[in-house]
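Undergrad: Quick one, upload-v3.txt (compact mmCIF, C-alpha atoms):
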# COMPACT_ATOMS: atom_id res chain seq x y z
CA MET A 1 -7.49 -109.11 -150.48
CA VAL A 2 -4.25 -107.50 -149.36
CA VAL A 3 -2.44 -109.70 -146.85
CA SER A 4 0.36 -108.29 -144.75
CA ARG A 5 3.48 -110.38 -144.24
CA ASP A 6 4.19 -108.67 -140.95
CA LYS A 7 3.20 -110.15 -137.62
CA THR A 8 0.68 -107.38 -136.93
CA PRO A 9 -2.17 -107.09 -139.48
CA THR A 10 -2.62 -103.77 -141.20
CA ALA A 11 -5.82 -101.74 -140.78
CA GLN A 12 -6.82 -102.55 -144.38
CA GLU A 13 -6.41 -106.29 -143.83
CA THR A 14 -8.35 -106.12 -140.55
CA PHE A 15 -11.33 -104.34 -142.09
CA MET A 16 -11.31 -106.65 -145.12
CA GLN A 17 -11.39 -109.69 -142.83
CA MET A 18 -14.20 -108.17 -140.78
CA ALA A 19 -16.27 -107.67 -143.94
CA GLN A 20 -15.45 -110.87 -145.86
CA ALA A 21 -14.36 -113.63 -143.45
CA ALA A 22 -17.46 -115.52 -142.31
CA GLY A 23 -15.96 -116.57 -138.96
CA LEU A 24 -14.89 -113.12 -137.81
CA ARG A 25 -18.00 -111.45 -139.27
CA GLY A 26 -20.23 -113.91 -137.40
CA ARG A 27 -18.43 -113.24 -134.12
CA LEU A 28 -18.81 -109.49 -134.58
CA LEU A 29 -22.54 -109.78 -135.35
CA VAL A 30 -23.11 -112.02 -132.31
CA THR A 31 -21.26 -109.53 -130.10
CA ILE A 32 -23.14 -106.50 -131.41
CA GLY A 33 -26.52 -108.25 -131.11
CA LEU A 34 -25.91 -109.33 -127.51
CA LEU A 35 -24.67 -105.88 -126.52
CA ILE A 36 -27.82 -104.29 -127.99
CA LEU A 37 -29.96 -106.82 -126.08
CA VAL A 38 -28.32 -105.88 -122.79
CA ARG A 39 -28.73 -102.17 -123.48
CA LEU A 40 -32.44 -102.66 -124.17
CA GLY A 41 -32.87 -104.48 -120.85
CA VAL A 42 -31.36 -101.52 -118.98
CA TYR A 43 -34.38 -99.38 -119.95
CA ILE A 44 -37.07 -101.89 -118.88
CA PRO A 45 -38.00 -100.30 -115.51
CA ILE A 46 -39.07 -101.96 -112.29
CA PRO A 47 -42.76 -101.04 -111.85
CA GLY A 48 -44.10 -99.11 -108.86
CA ILE A 49 -41.18 -96.67 -108.35
CA ALA A 50 -41.30 -92.85 -108.27
CA LEU A 51 -38.35 -92.42 -110.63
CA ASP A 52 -38.21 -88.60 -110.47
CA ARG A 53 -37.51 -88.56 -106.73
CA PHE A 54 -35.12 -91.49 -107.05
CA LYS A 55 -33.01 -89.77 -109.77
CA GLU A 56 -32.54 -86.76 -107.51
CA GLU A 57 -31.29 -89.06 -104.75
CA VAL A 58 -28.84 -90.76 -107.14
CA GLN A 59 -27.34 -87.41 -108.10
CA ASN A 60 -26.77 -86.55 -104.41
CA THR A 61 -25.19 -89.93 -103.49
CA PRO A 62 -21.56 -90.21 -104.70
CA LEU A 63 -21.24 -94.00 -104.50
CA ILE A 64 -24.50 -94.69 -106.37
CA GLY A 65 -23.56 -92.14 -109.01
CA PHE A 66 -20.17 -93.83 -109.35
CA LEU A 67 -21.81 -97.27 -109.82
CA ASP A 68 -24.43 -95.81 -112.17
CA VAL A 69 -21.70 -95.09 -114.73
CA PHE A 70 -20.71 -98.78 -114.80
CA SER A 71 -24.34 -99.87 -115.21
CA GLY A 72 -24.85 -97.50 -118.15
CA GLY A 73 -27.51 -95.48 -116.34
CA GLY A 74 -29.34 -98.61 -115.21
CA LEU A 75 -29.34 -97.59 -111.54
CA SER A 76 -30.80 -94.14 -112.21
CA VAL A 77 -33.71 -95.60 -114.21
CA LEU A 78 -33.96 -98.77 -112.05
CA GLY A 79 -34.08 -101.15 -115.01
CA ILE A 80 -34.13 -104.91 -114.59
CA PHE A 81 -30.42 -104.91 -115.54
CA ALA A 82 -29.64 -102.21 -112.95
CA LEU A 83 -26.90 -104.31 -111.32
CA GLY A 84 -25.51 -105.28 -114.71
CA ILE A 85 -22.21 -107.14 -114.70
CA LEU A 86 -21.10 -105.73 -111.32
CA PRO A 87 -21.97 -108.89 -109.26
CA PHE A 88 -19.92 -111.04 -111.63
CA ILE A 89 -16.98 -108.60 -111.51
CA ASN A 90 -17.12 -108.58 -107.71
CA ALA A 91 -17.32 -112.39 -107.65
CA SER A 92 -14.28 -112.63 -109.94
CA ILE A 93 -12.30 -110.35 -107.62
CA ILE A 94 -13.37 -112.39 -104.58
CA MET A 95 -12.31 -115.62 -106.32
CA GLN A 96 -8.91 -114.13 -107.19
CA LEU A 97 -8.37 -113.29 -103.53
CA LEU A 98 -9.57 -116.72 -102.37
CA THR A 99 -7.40 -118.52 -104.95
CA ALA A 100 -4.33 -116.79 -103.55
CA ALA A 101 -5.39 -117.58 -99.95
CA LEU A 102 -6.76 -121.15 -100.20
CA PRO A 103 -4.36 -123.92 -101.32
CA SER A 104 -7.22 -126.08 -102.66
CA LEU A 105 -8.35 -123.39 -105.11
CA GLU A 106 -4.73 -122.63 -106.05
CA ASN A 107 -4.22 -126.32 -106.82
CA LEU A 108 -7.34 -126.32 -109.04
CA GLN A 109 -6.04 -123.35 -111.00
CA LYS A 110 -2.42 -124.45 -111.42
CA ASN A 111 -2.42 -128.25 -111.49
CA GLU A 112 -5.86 -129.44 -112.64
CA GLY A 113 -5.68 -127.95 -116.12
CA GLU A 114 -8.84 -127.12 -118.05
CA ALA A 115 -11.08 -129.18 -115.71
CA GLY A 116 -9.85 -127.18 -112.71
CA ARG A 117 -10.43 -123.86 -114.47
CA ARG A 118 -13.97 -124.91 -115.40
CA LYS A 119 -14.66 -125.80 -111.78
CA ILE A 120 -13.36 -122.42 -110.63
CA SER A 121 -15.59 -120.76 -113.23
CA GLN A 122 -18.59 -122.67 -111.89
CA ILE A 123 -17.76 -121.62 -108.31
CA THR A 124 -17.44 -118.02 -109.54
CA ARG A 125 -20.96 -118.22 -110.98
CA TYR A 126 -22.37 -119.38 -107.64
CA VAL A 127 -20.51 -116.59 -105.83
CA ALA A 128 -21.91 -114.11 -108.38
CA LEU A 129 -25.43 -115.43 -107.70
CA GLY A 130 -25.04 -114.99 -103.95
CA TRP A 131 -23.43 -111.57 -104.33
CA GLY A 132 -26.10 -110.48 -106.80
CA ALA A 133 -28.85 -111.57 -104.39
CA LEU A 134 -27.17 -109.65 -101.55
CA GLN A 135 -26.84 -106.50 -103.67
CA SER A 136 -30.46 -106.90 -104.81
CA VAL A 137 -31.65 -107.06 -101.20
CA MET A 138 -29.63 -103.96 -100.28
CA LEU A 139 -30.83 -102.02 -103.34
CA THR A 140 -34.46 -103.04 -102.81
CA THR A 141 -34.30 -102.06 -99.13
CA TRP A 142 -33.09 -98.62 -100.17
CA ILE A 143 -35.60 -98.00 -102.98
CA GLN A 144 -38.59 -99.08 -100.89
CA ASN A 145 -38.82 -95.46 -99.73
CA TYR A 146 -39.62 -94.47 -103.33
CA ALA A 147 -42.16 -97.23 -104.01
CA TYR A 148 -45.85 -96.43 -104.44
CA ASP A 149 -46.94 -99.61 -102.63
CA PRO A 150 -44.05 -100.98 -100.51
CA GLY A 151 -44.51 -104.33 -98.87
CA PRO A 152 -43.36 -107.96 -98.81
CA VAL A 153 -44.70 -108.67 -102.31
CA PHE A 154 -42.92 -105.67 -103.81
CA PHE A 155 -39.72 -106.58 -101.95
CA ALA A 156 -39.68 -110.21 -103.13
CA GLU A 157 -40.56 -109.39 -106.76
CA THR A 158 -37.93 -106.65 -106.98
CA VAL A 159 -35.17 -108.79 -105.45
CA ILE A 160 -35.95 -111.64 -107.87
CA ALA A 161 -36.01 -109.24 -110.85
CA PHE A 162 -32.66 -107.63 -109.99
CA THR A 163 -30.98 -110.99 -109.28
CA ALA A 164 -32.33 -112.63 -112.44
CA GLY A 165 -31.26 -109.60 -114.49
CA SER A 166 -27.70 -109.75 -113.17
CA MET A 167 -27.50 -113.51 -113.90
CA PHE A 168 -28.79 -112.95 -117.44
CA VAL A 169 -26.13 -110.28 -118.03
CA MET A 170 -23.48 -112.69 -116.69
CA TRP A 171 -24.69 -115.36 -119.14
CA VAL A 172 -24.54 -112.85 -122.01
CA SER A 173 -20.98 -111.90 -121.06
CA GLU A 174 -19.94 -115.56 -121.22
CA LEU A 175 -21.63 -115.93 -124.62
CA ILE A 176 -19.67 -112.93 -125.90
CA THR A 177 -16.45 -114.48 -124.56
CA GLU A 178 -17.13 -117.90 -126.14
CA ARG A 179 -18.95 -117.04 -129.40
CA GLY A 180 -18.14 -113.37 -129.83
CA ILE A 181 -14.85 -111.52 -129.99
CA GLY A 182 -13.99 -112.21 -126.34
CA ASN A 183 -13.67 -110.10 -123.16
CA GLY A 184 -17.43 -110.25 -122.55
CA ALA A 185 -17.50 -108.67 -119.08
CA SER A 186 -15.07 -105.90 -120.08
CA LEU A 187 -17.05 -105.13 -123.24
CA LEU A 188 -20.28 -104.79 -121.26
CA ILE A 189 -18.68 -102.25 -118.91
CA PHE A 190 -17.17 -100.48 -121.93
CA VAL A 191 -20.57 -100.18 -123.65
CA ASN A 192 -22.23 -98.98 -120.44
CA ILE A 193 -19.67 -96.18 -120.06
CA VAL A 194 -19.96 -95.23 -123.74
CA ALA A 195 -23.76 -95.09 -123.38
CA VAL A 196 -23.39 -92.33 -120.77
CA LEU A 197 -21.01 -90.25 -122.94
CA PRO A 198 -23.66 -88.50 -125.13
CA THR A 199 -25.46 -87.15 -122.05
CA ILE A 200 -22.24 -85.97 -120.42
CA LEU A 201 -20.91 -84.35 -123.59
CA GLY A 202 -24.32 -82.77 -124.27
CA GLN A 203 -24.33 -81.17 -120.82
CA THR A 204 -20.77 -79.93 -121.35
CA VAL A 205 -21.65 -78.38 -124.73
CA GLY A 206 -24.74 -76.82 -123.13
CA VAL A 207 -22.54 -75.13 -120.52
CA ALA A 208 -20.33 -73.73 -123.29
CA GLN A 209 -23.32 -72.46 -125.29
CA GLN A 210 -25.00 -70.78 -122.34
CA GLY A 211 -21.82 -69.08 -121.13
CA GLY A 212 -19.55 -66.62 -122.85
CA ARG A 213 -16.01 -66.91 -124.09
CA ASP A 214 -14.73 -67.75 -120.64
CA GLU A 215 -16.97 -70.81 -120.38
CA ILE A 216 -15.99 -71.96 -123.88
CA ALA A 217 -12.29 -71.63 -122.96
CA LYS A 218 -12.87 -73.63 -119.76
CA VAL A 219 -14.63 -76.42 -121.66
CA ILE A 220 -11.82 -76.56 -124.24
CA ILE A 221 -9.18 -76.77 -121.48
CA LEU A 222 -11.16 -79.53 -119.75
CA LEU A 223 -11.53 -81.59 -122.93
CA LEU A 224 -7.83 -81.14 -123.77
CA SER A 225 -6.85 -82.39 -120.32
CA PHE A 226 -8.96 -85.51 -120.86
CA LEU A 227 -7.38 -86.08 -124.28
CA LEU A 228 -3.89 -85.78 -122.78
CA MET A 229 -4.86 -88.29 -120.10
CA ILE A 230 -6.05 -90.72 -122.79
CA VAL A 231 -2.73 -90.43 -124.65
CA GLY A 232 -0.83 -91.03 -121.41
CA ILE A 233 -3.00 -94.03 -120.56
CA VAL A 234 -2.28 -95.61 -123.95
CA PHE A 235 1.48 -95.30 -123.47
CA VAL A 236 1.48 -96.62 -119.92
CA GLN A 237 -0.97 -99.46 -120.59
CA GLU A 238 1.33 -100.66 -123.39
CA GLY A 239 4.53 -100.01 -121.44
CA THR A 240 6.58 -103.10 -120.52
CA ARG A 241 10.00 -103.82 -119.05
CA ARG A 242 11.71 -106.49 -121.16
CA ILE A 243 14.10 -108.60 -119.10
CA PRO A 244 16.51 -110.59 -121.33
CA ILE A 245 16.49 -114.38 -120.93
CA ILE A 246 18.99 -116.90 -122.28
CA SER A 247 17.91 -120.49 -122.91
CA ALA A 248 20.58 -123.11 -122.18
CA ARG A 249 22.22 -125.12 -124.94
CA ARG A 250 20.64 -128.57 -125.22
CA GLN A 251 20.98 -131.67 -127.38
CA VAL A 252 18.03 -133.68 -128.70
CA GLY A 253 19.25 -136.83 -130.45
CA ARG A 254 22.02 -135.81 -132.81
CA ARG A 255 20.83 -132.23 -133.09
CA LEU A 256 22.45 -129.56 -130.94
CA TYR A 257 20.30 -126.50 -130.18
CA ARG A 258 22.30 -123.35 -129.51
CA GLU A 259 21.59 -120.77 -126.84
CA ARG A 260 18.59 -118.60 -127.66
CA THR A 261 18.01 -115.07 -126.37
CA ASN A 262 14.47 -114.06 -125.53
CA TYR A 263 12.87 -111.66 -123.09
CA LEU A 264 10.41 -111.73 -120.20
CA PRO A 265 7.86 -108.86 -120.48
CA LEU A 266 6.71 -107.25 -117.24
CA ARG A 267 3.91 -104.71 -117.57
CA LEU A 268 4.31 -101.28 -116.05
CA ASN A 269 0.73 -101.34 -114.79
CA GLN A 270 0.17 -104.90 -113.57
CA GLY A 271 -3.15 -104.29 -111.82
CA GLY A 272 -4.77 -102.37 -114.65
CA VAL A 273 -7.79 -100.44 -113.43
CA MET A 274 -8.46 -102.54 -110.31
CA PRO A 275 -6.35 -100.48 -107.80
CA ILE A 276 -8.12 -97.27 -108.76
CA ILE A 277 -11.55 -98.95 -108.52
CA PHE A 278 -10.78 -100.20 -104.99
CA ALA A 279 -9.36 -96.82 -103.94
CA SER A 280 -12.35 -94.93 -105.37
CA ALA A 281 -14.79 -97.23 -103.59
CA VAL A 282 -12.99 -96.69 -100.25
CA LEU A 283 -13.02 -92.91 -100.76
CA PHE A 284 -16.70 -92.85 -101.69
CA LEU A 285 -17.71 -95.03 -98.74
CA PRO A 286 -17.58 -92.35 -95.97
CA ALA A 287 -19.56 -89.84 -98.07
CA SER A 288 -22.18 -92.47 -98.87
CA LEU A 289 -22.51 -93.53 -95.22
CA VAL A 290 -22.91 -89.89 -94.22
CA GLN A 291 -25.63 -89.52 -96.83
CA PHE A 292 -27.50 -92.63 -95.62
CA THR A 293 -27.28 -91.72 -91.90
CA GLN A 294 -28.21 -88.06 -92.34
CA GLY A 295 -31.11 -87.04 -90.10
CA LYS A 296 -31.05 -90.30 -88.12
CA GLU A 297 -31.16 -90.50 -84.34
CA GLY A 298 -29.37 -92.63 -81.76
CA ILE A 299 -26.29 -94.62 -82.78
CA LEU A 300 -26.71 -93.75 -86.48
CA GLY A 301 -26.83 -90.05 -85.61
CA GLN A 302 -23.58 -90.30 -83.61
CA PHE A 303 -22.07 -92.28 -86.48
CA ASN A 304 -23.00 -89.43 -88.83
CA GLN A 305 -21.37 -86.84 -86.57
CA VAL A 306 -18.10 -88.80 -86.51
CA LEU A 307 -17.98 -89.52 -90.26
CA GLY A 308 -19.06 -86.03 -91.36
CA PRO A 309 -15.71 -84.26 -90.74
CA ILE A 310 -13.79 -87.22 -92.19
CA SER A 311 -15.90 -87.15 -95.36
CA ASN A 312 -15.41 -83.39 -95.78
CA ALA A 313 -11.65 -83.69 -95.27
CA ILE A 314 -11.11 -86.23 -98.07
CA ARG A 315 -13.05 -84.41 -100.79
CA MET A 316 -11.36 -82.80 -103.77
CA ASP A 317 -13.68 -79.80 -103.56
CA GLY A 318 -13.41 -79.63 -99.76
CA PRO A 319 -11.39 -77.23 -97.60
CA THR A 320 -8.22 -79.37 -97.76
CA PRO A 321 -7.84 -80.88 -101.27
CA TRP A 322 -4.24 -81.94 -100.54
CA VAL A 323 -5.59 -84.42 -97.98
CA TYR A 324 -7.74 -85.98 -100.71
CA VAL A 325 -4.71 -86.29 -103.02
CA LEU A 326 -2.54 -87.79 -100.25
CA VAL A 327 -5.17 -90.33 -99.15
CA PHE A 328 -5.99 -91.27 -102.74
CA PHE A 329 -2.31 -91.77 -103.62
CA THR A 330 -1.77 -93.92 -100.51
CA LEU A 331 -4.79 -96.11 -101.28
CA ILE A 332 -3.80 -96.55 -104.93
CA LEU A 333 -0.23 -97.43 -103.90
CA PHE A 334 -1.48 -100.00 -101.38
CA PHE A 335 -3.94 -101.67 -103.76
CA SER A 336 -1.39 -101.62 -106.61
CA TYR A 337 1.11 -103.62 -104.55
CA PHE A 338 -1.66 -105.85 -103.21
CA TYR A 339 -3.09 -106.64 -106.65
CA SER A 340 0.37 -107.03 -108.21
CA SER A 341 1.24 -109.62 -105.54
CA LEU A 342 -1.85 -111.61 -106.59
CA ILE A 343 -1.07 -111.51 -110.31
CA VAL A 344 2.73 -111.88 -110.42
CA ASN A 345 4.68 -114.26 -108.18
CA PRO A 346 8.49 -113.87 -108.53
CA VAL A 347 9.15 -117.24 -106.89
CA ASP A 348 6.92 -119.08 -109.39
CA MET A 349 8.50 -117.18 -112.29
CA SER A 350 11.99 -118.13 -111.07
CA GLN A 351 11.01 -121.80 -110.75
CA ASN A 352 9.44 -121.83 -114.22
CA LEU A 353 12.58 -120.33 -115.75
CA LYS A 354 14.69 -122.97 -114.01
CA LYS A 355 12.46 -125.77 -115.28
CA MET A 356 12.75 -124.47 -118.85
CA GLY A 357 16.53 -124.26 -118.60
CA SER A 358 16.49 -120.48 -118.95
CA SER A 359 18.17 -117.78 -116.91
CA ILE A 360 18.66 -114.03 -116.71
CA PRO A 361 22.18 -112.93 -117.77
CA GLY A 362 24.32 -112.12 -114.71
CA ILE A 363 21.74 -113.51 -112.24
CA ARG A 364 22.00 -116.94 -110.65
CA PRO A 365 18.98 -119.23 -111.01
CA GLY A 366 16.78 -119.82 -107.98
CA ARG A 367 16.61 -117.41 -105.06
CA ALA A 368 18.78 -114.71 -106.68
CA THR A 369 16.47 -114.65 -109.72
CA SER A 370 13.32 -114.36 -107.60
CA GLU A 371 14.86 -111.51 -105.55
CA TYR A 372 15.89 -109.70 -108.73
CA LEU A 373 12.42 -110.08 -110.25
CA GLU A 374 10.83 -108.90 -106.99
CA ARG A 375 12.94 -105.72 -107.01
CA VAL A 376 12.03 -105.00 -110.64
CA ILE A 377 8.32 -105.66 -110.03
CA ASN A 378 8.30 -103.38 -106.96
CA ARG A 379 9.84 -100.52 -108.95
CA LEU A 380 7.41 -101.01 -111.82
CA THR A 381 4.48 -101.17 -109.40
CA PHE A 382 5.50 -97.89 -107.78
CA LEU A 383 5.77 -96.17 -111.16
CA GLY A 384 2.40 -97.60 -112.22
CA ALA A 385 0.78 -96.47 -108.96
CA ALA A 386 2.22 -92.97 -109.39
CA PHE A 387 0.79 -92.83 -112.90
CA LEU A 388 -2.62 -94.02 -111.68
CA SER A 389 -2.59 -91.33 -109.00
CA VAL A 390 -1.88 -88.62 -111.58
CA VAL A 391 -4.63 -89.91 -113.87
CA ALA A 392 -7.06 -90.13 -110.93
CA THR A 393 -6.47 -86.64 -109.56
CA VAL A 394 -5.71 -84.44 -112.59
CA PRO A 395 -9.17 -84.60 -114.28
CA THR A 396 -10.95 -84.01 -110.96
CA ALA A 397 -8.57 -81.17 -110.06
CA VAL A 398 -9.11 -79.52 -113.46
CA GLU A 399 -12.90 -79.81 -113.05
CA SER A 400 -12.78 -78.24 -109.59
CA ALA A 401 -10.43 -75.45 -110.72
CA LEU A 402 -12.58 -74.58 -113.74
CA GLY A 403 -15.89 -74.96 -111.89
CA ILE A 404 -17.36 -77.34 -114.50
CA GLN A 405 -18.98 -80.42 -112.98
CA THR A 406 -20.68 -81.93 -116.06
CA LEU A 407 -17.98 -84.60 -116.50
CA ARG A 408 -18.22 -85.77 -112.89
CA GLY A 409 -19.38 -89.24 -113.91
CA LEU A 410 -16.55 -89.67 -116.43
CA GLY A 411 -13.55 -89.94 -114.14
CA ALA A 412 -10.17 -91.56 -114.29
CA THR A 413 -11.60 -95.04 -113.74
CA SER A 414 -13.86 -94.68 -116.76
CA LEU A 415 -10.98 -93.42 -118.92
CA LEU A 416 -8.75 -96.34 -117.93
CA ILE A 417 -11.50 -98.85 -118.66
CA LEU A 418 -12.35 -97.29 -122.03
CA VAL A 419 -8.75 -97.21 -123.22
CA GLY A 420 -7.80 -100.61 -121.76
CA VAL A 421 -10.81 -102.46 -123.19
CA ALA A 422 -10.39 -100.76 -126.58
CA ILE A 423 -6.74 -101.89 -126.76
CA ASP A 424 -7.55 -105.45 -125.65
CA THR A 425 -10.46 -105.76 -128.12
CA ALA A 426 -8.30 -104.48 -130.98
CA LYS A 427 -5.64 -107.08 -130.12
CA GLN A 428 -8.31 -109.79 -129.96
CA ILE A 429 -9.59 -108.89 -133.42
CA GLN A 430 -6.02 -108.87 -134.76
CA THR A 431 -5.54 -112.37 -133.31
CA TYR A 432 -8.58 -113.61 -135.24
CA VAL A 433 -7.28 -111.92 -138.40
CA ILE A 434 -3.92 -113.69 -138.04
CA SER A 435 -5.67 -117.04 -137.53
CA GLN A 436 -7.77 -116.42 -140.64
CA ARG A 437 -4.59 -115.55 -142.53
CA TYR A 438 -2.96 -118.89 -141.67
CA GLU A 439 -6.16 -120.79 -142.40
CA GLY A 440 -6.15 -119.25 -145.88
CA MET A 441 -2.51 -120.28 -146.37
CA VAL A 442 -3.33 -123.89 -145.37
CA LYS A 443 -6.28 -124.05 -147.76
CA LYS A 444 -4.10 -122.85 -150.60
When written as structure tokens, how does the structure in this file appear?

TA:
Amino acid sequence: MVVSRDKTPTAQETFMQMAQAAGLRGRLLVTIGLLILVRLGVYIPIPGIALDRFKEEVQNTPLIGFLDVFSGGGLSVLGIFALGILPFINASIIMQLLTAALPSLENLQKNEGEAGRRKISQITRYVALGWGALQSVMLTTWIQNYAYDPGPVFFAETVIAFTAGSMFVMWVSELITERGIGNGASLLIFVNIVAVLPTILGQTVGVAQQGGRDEIAKVIILLLSFLLMIVGIVFVQEGTRRIPIISARRQVGRRLYRERTNYLPLRLNQGGVMPIIFASAVLFLPASLVQFTQGKEGILGQFNQVLGPISNAIRMDGPTPWVYVLVFFTLILFFSYFYSSLIVNPVDMSQNLKKMGSSIPGIRPGRATSEYLERVINRLTFLGAAFLSVVATVPTAVESALGIQTLRGLGATSLLILVGVAIDTAKQIQTYVISQRYEGMVKK
């Protein structure tokens, strides 16, 4: 087997390890088997539902269609895994917010070590159970209108089935993280989005075949715009600002260690895909509420009359698309700064550098360092938010301009998740290859 001496394994070494190394091969097989199991559960339907009428409703409801992409079509077919990994993702986000707000949880995460992290993981599971039960109740209440025999028995059975399915998917994601190649929750979302791709691409090719040269040209332009977005996402996701750090000279016994120069990497896009998910959910909320309150009387009818103009104003295909772009950019900017403040704390970074005896050249340790890092992080966050806004609006704008709506489900959020998870999984596999390389050196 060819072994690279570089830090990063070559493609040949990676594929050889995947085929020959028992440890990595076993992890890959476990991951693939569990992913197939989850995909099979998506297509086990809840009995007693008129699926044809329900699919039409899903297509006319923006928020449900948006969530259907992340469940791999599970919501449109109402499978037992219809909620998928979404309750666990929501619970993880809630726990991140609570950890930053509650000192007791922050103490568990920072000072209690592995035991504290396990306790936070256990609390996250309970939150996911409660959130999954709440989402199951809401979903069952909605789909009762499409049931052949609605009633208390149907309601209870359906809620239990949806909740149990979401907990099983959460357990599978943890198995993939522990015994597979890692990133279990992200991989499940990745596979769900990929599962929808053949249908979307088939519809797009069908539009090109049925139309003439103009339609073919429009489809080619649309696909090229998505490819350019993917290339841009790769560059920005990997983009970092390297801040130089100098470690102080120190003496251990009779040995004198000289100053060492290193760097502190700060990512251009700290929040990843989370700001665009939050912004998309907020934008879809008015349209979904208008859809649910349509034709109602009383307070709900007045609510519909108030939200109707607002929903039409913030649509890309509405009369004022610039309002949609402005609102979307503002929401992404807000959530980018909000999420970045949860992930990166300049004060903690400054204190950690001071404890390690390191400093940034030309910047005094302590408050000056934290202020400098805060300025750099704010600039990076603004650039990352601007990039997310471009990625979020360009594909939708191109679709609206060309009049092709077949890729509506594959938006900017899906592209960011696909590219981000693919990069993280590739790095995870490379980490296992490097560990196998050193294990082989030790055995020799």

Undergrad: What is the distance, in Å and to one decimal place, between atom CA of A:Gln144 and atom CA of A:Ile277?

TA: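 The value is 28.1 Å.
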
Undergrad: Pick out the residues sitting within 10 Å of stretch 116-125 of chain A, and hand them over as an mmCIF file with C-alpha atoms, keeping the file's coordinate frame; count only C-alpha atoms, and ignore anything fewer than 3 positions along from it in its own chain.

TA:
data_model
loop_
_atom_site.group_PDB
_atom_site.id
_atom_site.type_symbol
_atom_site.label_atom_id
_atom_site.label_comp_id
_atom_site.auth_asym_id
_atom_site.auth_seq_id
_atom_site.Cartn_x
_atom_site.Cartn_y
_atom_site.Cartn_z
ATOM 1 C CA PRO A 87 -21.970 -108.890 -109.260
ATOM 2 C CA PHE A 88 -19.920 -111.040 -111.630
ATOM 3 C CA ILE A 89 -16.980 -108.600 -111.510
ATOM 4 C CA ASN A 90 -17.120 -108.580 -107.710
ATOM 5 C CA ALA A 91 -17.320 -112.390 -107.650
ATOM 6 C CA SER A 92 -14.280 -112.630 -109.940
ATOM 7 C CA ILE A 93 -12.300 -110.350 -107.620
ATOM 8 C CA ILE A 94 -13.370 -112.390 -104.580
ATOM 9 C CA MET A 95 -12.310 -115.620 -106.320
ATOM 10 C CA GLN A 96 -8.910 -114.130 -107.190
ATOM 11 C CA THR A 99 -7.400 -118.520 -104.950
ATOM 12 C CA LEU A 105 -8.350 -123.390 -105.110
ATOM 13 C CA GLU A 106 -4.730 -122.630 -106.050
ATOM 14 C CA ASN A 107 -4.220 -126.320 -106.820
ATOM 15 C CA LEU A 108 -7.340 -126.320 -109.040
ATOM 16 C CA GLN A 109 -6.040 -123.350 -111.000
ATOM 17 C CA LYS A 110 -2.420 -124.450 -111.420
ATOM 18 C CA ASN A 111 -2.420 -128.250 -111.490
ATOM 19 C CA GLU A 112 -5.860 -129.440 -112.640
ATOM 20 C CA GLY A 113 -5.680 -127.950 -116.120
ATOM 21 C CA ALA A 128 -21.910 -114.110 -108.380
ATOM 22 C CA LEU A 129 -25.430 -115.430 -107.700
ATOM 23 C CA GLY A 130 -25.040 -114.990 -103.950
ATOM 24 C CA TRP A 131 -23.430 -111.570 -104.330
ATOM 25 C CA MET A 167 -27.500 -113.510 -113.900
ATOM 26 C CA MET A 170 -23.480 -112.690 -116.690
ATOM 27 C CA TRP A 171 -24.690 -115.360 -119.140
#

Undergrad: Between atom CA of A:Thr158 and atom CA of A:Gly79, what is the spacing in Å?

TA: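 Computed distance, atom CA of A:Gly79 to atom CA of A:Thr158, equals 10.5 Å.
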
Undergrad: To one decimal place in Å, what is the distance between atom CA of A:Leu102 and atom CA of A:Leu342?

TA: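 Between these atoms lies a distance of 12.5 Å.
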
Undergrad: Hey, which of A:Ser435, A:Thr163, A:Ser247, A:Ser76 ends up closest to A:Thr261? Count all atoms listed in the file.

TA: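 Distance minimum relative to A:Thr261 lands on A:Ser247.
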
Undergrad: Would you kindly return, as number ranges by chain, each protein, DNA or RNA residue with an atom no farther than 10 Å from any atom of A:Leu35, considering only C-alpha atoms and excluding same-chain residues fewer than 4 positions away?

TA: A: 29-31, 39-40, 169, 172-173, 176, 184, 187-188, 191-192

Undergrad: Kindly provide the residues of stretch 260-287 of chain A that approach stretch 323-334 of chain A to within 7 Å, each paired with its closest atom pair and their distance in Å to one decimal, based on all atoms listed in the file, listed by chain and increasing number, as JSON lines.

TA:
{"residue": "A:Pro275", "atom": "CA", "partner": "A:Ile332", "partner_atom": "CA", "distance": 5.5}
{"residue": "A:Ile276", "atom": "CA", "partner": "A:Ile332", "partner_atom": "CA", "distance": 5.8}
{"residue": "A:Ala279", "atom": "CA", "partner": "A:Leu331", "partner_atom": "CA", "distance": 5.3}

Undergrad: In terms of the shortest atom-to-atom distance over all atoms listed in the file, which of A:Thr177, A:Ile216, A:Tyr432, A:Leu98 is closest to A:Arg25?

TA: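 Distance minimum relative to A:Arg25 lands on A:Tyr432.
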
Undergrad: Compare A:Ile417, A:Ala392, A:Val77, A:Met356 by their minimum atom-to-atom distance to A:Val42, counting all atoms listed in the file, and give me the closest one.

TA: A:Val77

Undergrad: Using all atoms listed in the file, which protein or nucleic acid residues come within 10 Å of A:Phe162? Drop anything in the same chain fewer than 2 positions from it, and give the result as a list in words.

TA: Ile46, Leu78, Gly79, Ile80, Phe81, Ala82, Leu83, Gly84, Gly132, Ala133, Gln135, Ser136, Val137, Leu139, Thr140, Glu157, Thr158, Val159, Ile160, Ala164, Gly165, Ser166, Met167 and Phe168 of chain A

Undergrad: Which is closer to A:Ala156 than all the others in A:Ser340, A:Thr141, A:Thr199, A:Gln351, using all atoms listed in the file?

TA: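 Smallest separation from A:Ala156 among the options: A:Thr141.
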